[in-house]
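The block underneath contains the structure these notes are about, expressed in structure tokens.
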2 protein chains.
Amino acid sequence: MKIIVDAMGGDIAFAPQIEGSVRAAGELGVQIVLVGDEQTISRHLDRLGYKGNDIAIVHASDVITNDDEPAKAVRSKKDASIVVAANLLKNGEGDALVSAGATGGVLAAGLLIVGRINGVARPALAPIIPTDKGPALLLDAGANADCKPENLLQFGIMGSVYAANVLGKENPRVAVVNIGGEAHKGNTLVKEAYALLAAAPVNFCGNIEGREIPMGEADVIVCDGFVGNVILKLTEGLAQTLLGNIKAIFKKNIFTMLAAAMCKGGFTEFKKKMDYTEYGGALLLGAKHPVIKAHGSSNAKAVYSAIRQAKRFIEMDVVEKIETDIARMEGIGSVTES
Amino acid sequence: MKIIVDAMGGDIAFAPQIEGSVRAAGELGVQIVLVGDEQTISRHLDRLGYKGNDIAIVHASDVITNDDEPAKAVRSKKDASIVVAANLLKNGEGDALVSAGATGGVLAAGLLIVGRINGVARPALAPIIPTDKGPALLLDAGANADCKPENLLQFGIMGSVYAANVLGKENPRVAVVNIGGEAHKGNTLVKEAYALLAAAPVNFCGNIEGREIPMGEADVIVCDGFVGNVILKLTEGLAQTLLGNIKAIFKKNIFTMLAAAMCKGGFTEFKKKMDYTEYGGALLLGAKHPVIKAHGSSNAKAVYSAIRQAKRFIEMDVVEKIETDIARMEGIGSVTES
């Protein structure tokens, strides 16, 4: 099994990607292809004292950043690491792709180069979000700002396959984000998606309201890419703001600092529960081969987790299972490419 | 000035509404009309030892709950407190309406009985949300699940008038919720709304992402009612989940309990900053007369705050100012009733 790792993307290029890869090669029994500036990579591998044969390097000199217009950049920057990596994946020179690069670039390379699973109209960006009852899958979190009901149906099916096979959720609870509990609530998109999901071969639990998401009331949270992106970023922003305020409370004086020390264990545990790096990255579910977007501020552990996640993705034949389930749904809804 | 208070709505009927009203009558120099079961209200007023002449009672025997289909209930339950209260407001027997009743009932009574300001296509539910930089207005938070760009334009204008006049924000920053910072980002609705708001006579600051909302990067946060409802409820749910986890950490053992005591002051201050009852209720902005929905779990203080808010709403001529600003925008966008 060979995992392609984009070594150039990410807030910090090279170091976390290479260190995560070395650890993965050692512990997971996978082969790694590191894509990026050859000299820099081999120098870093030397510095780490890596002597194995499980890591190959493919040279790429350019990078797609957040300032690029993604689709345009994928077409014009032929030597960008994510473009080279996606072409390797497409040509069968690797089984999965992990990148901590700009989200837009990873999505565009995934859609334009790697391509879609047969029958999937719109692949979705699917991050794993921490909830009070463990990790849940949120999709779409931003690949498709405008969606049709049939897209949401496919998100539910794809998410269900992933949650069952990779997250190990038995009979994963699929829910659609809505503004009330009843079937007749919500906007036109969600009402129609509700009917489609209710008839689909997934464990559909109906609507989930914003309030219930962090409480962990569903394993697969389905919504359009606009709503999902707001959910993802609001969750991050609010957690950051609340924890920032609490940190400030603890830093107030000598007594509060002592107090902080006294309950450090609990906070460490809590932080671990909320730590995205535990679960790896966001998937591009619906792509023809596994593509995983690790968090931009990924450390070596997050890259390692994403590689471990890619391995399980491949082992569990998630792509094939999605293709089968989507094909089985043909005729339910009218899924068309767009 | 006369404020109509629905005494029956809310998780706890009567007590908080009546106590909040008594306090408001005493401190704010307003007259109150309490709507609900006459016997219960006068008995409670007696128990509180109220002897003034500023509180009148109008009898209503029925109530609209969360289990009712709002529009239907407003039409059929003629004697529901919110229906009686809305009719009083419509007929000029009061200047504003405060209710802690079921949101659907308050919205339906506001739209169907009180009616809209001339030129306003869709009134919006506008709660005040706490942020790191003080209160901000979020609209629409659920009155309109499907919106047109012109609706979002009007939300921005109405919110700006309110924030300037009642929240005391100078030149309030208006932003539209989006999934990226650039003008070309987002779904069709938001892209078109962006162009309209950029041309409107408000201090439009462009897009706001989910992450920036709790940080207080805008005073008026504009979005459709679906997205706004998700934002509102996710914020509540996440705050509850995070604070619940922190409470559990503090309750772990004798040391952590001591730690909690040691930083109690900071947490009390923080709680106050995040306390919605400080700011009153959610407005139905665009209704012909001020309608304020107090939180369902409102205590006497929240009801009092909502009455104070209603008073300022009236004093500052917010309805008239909205009408003027909306009229000035005629021709920009094609606002039609729907």
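Letters A, B, ... mark the chains of the structure tokens in the order given; residue numbers begin at 1 per chain; ligand numbers begin at 1, in order shown.
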Which chain A residues are at most 6 Å from chain B (counting only C-alpha atoms), as JSON, numbers by chain? {"A": [145, 146, 186, 187, 210, 211, 214, 230, 233, 234, 237, 238, 249, 256, 259, 262, 263, 266]}
Which neighbours of Val98 of chain A fall inside 12 Å, counting only C-alpha atoms, when residues of the same chain fewer than 4 positions from it are skipped, and could you give them as a VMD selection string? chain A and resid 2 to 10 17 to 18 20 to 21 32 to 35 81 to 82 85 to 86 89 94 103 106 to 107 109 to 110 280 to 284 289 to 296 298 302 to 311 313
Polymer residues at most 6 Å from segment 162-174 of chain A, only C-alpha atoms, same-chain spacing of 6 or more positions, as JSON, numbers by chain: {"A": [203, 204, 205, 218, 219, 220]}
Dump as a PDB file, in the first residue's frame, selection limited to C-alpha atoms:
```
ATOM      1  CA  ASN A 203     -30.216   4.663   9.298  1.00  0.00           C
ATOM      2  CA  PHE A 204     -31.912   8.018   8.781  1.00  0.00           C
ATOM      3  CA  CYS A 205     -32.894   9.688  12.040  1.00  0.00           C
ATOM      4  CA  ALA A 218     -25.900  12.032  14.896  1.00  0.00           C
ATOM      5  CA  ASP A 219     -22.870  10.227  13.413  1.00  0.00           C
ATOM      6  CA  VAL A 220     -23.331  11.584   9.901  1.00  0.00           C
TER       7      VAL A 220
END
```
Please provide as a short mmCIF file (atom, residue, chain, number, x, y, z; two decimals) with C-alpha atoms, in the first residue's frame all residues within 7 Å of Asp37 of chain B, with the sequence filter that same-chain residues fewer than 4 positions apart are discarded (counting only C-alpha atoms).
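Listing of result.cif after writing:
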```cif
data_model
loop_
_atom_site.label_atom_id
_atom_site.label_comp_id
_atom_site.auth_asym_id
_atom_site.auth_seq_id
_atom_site.Cartn_x
_atom_site.Cartn_y
_atom_site.Cartn_z
CA ILE B 41 -52.65 37.50 37.10
CA HIS B 59 -58.16 38.51 29.84
CA ALA B 60 -57.15 35.66 27.53
CA SER B 61 -57.75 32.03 28.36
#
```
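In this model, the gap between atom CA of Leu48 of chain A and atom CA of Lys272 of chain A comes to 27.1 Å.
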Just the number, please: distance in Å from atom CA of Gln154 of chain A to atom CA of Pro123 of chain A, one decimal.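 Separation of atom CA of Gln154 of chain A and atom CA of Pro123 of chain A: 8.8 Å.
For Val176 of chain B, the non-local neighbours within 7 Å, defined as residues at least 4 positions apart in the same chain or in other chains and counting only C-alpha atoms, are B:Gly206, B:Asn207, B:Ile208, B:Ile221, B:Val222, B:Cys223.
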From the DSSP assignment of the backbone, select every residue of segment 235-330 of chain B that is strand (DSSP E), and format the answer as a PyMOL selection string. chain B and resi 282-285+291-293
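The closest residue to Lys271 of chain B, picked from B:Val84, B:Pro201, B:Pro130, B:Gly119 and counting only C-alpha atoms, is B:Pro130.
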Atom pair atom CA of Ile128 of chain B / atom CA of Glu19 of chain B: separation (Å):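 These two atoms are separated by 22.6 Å.
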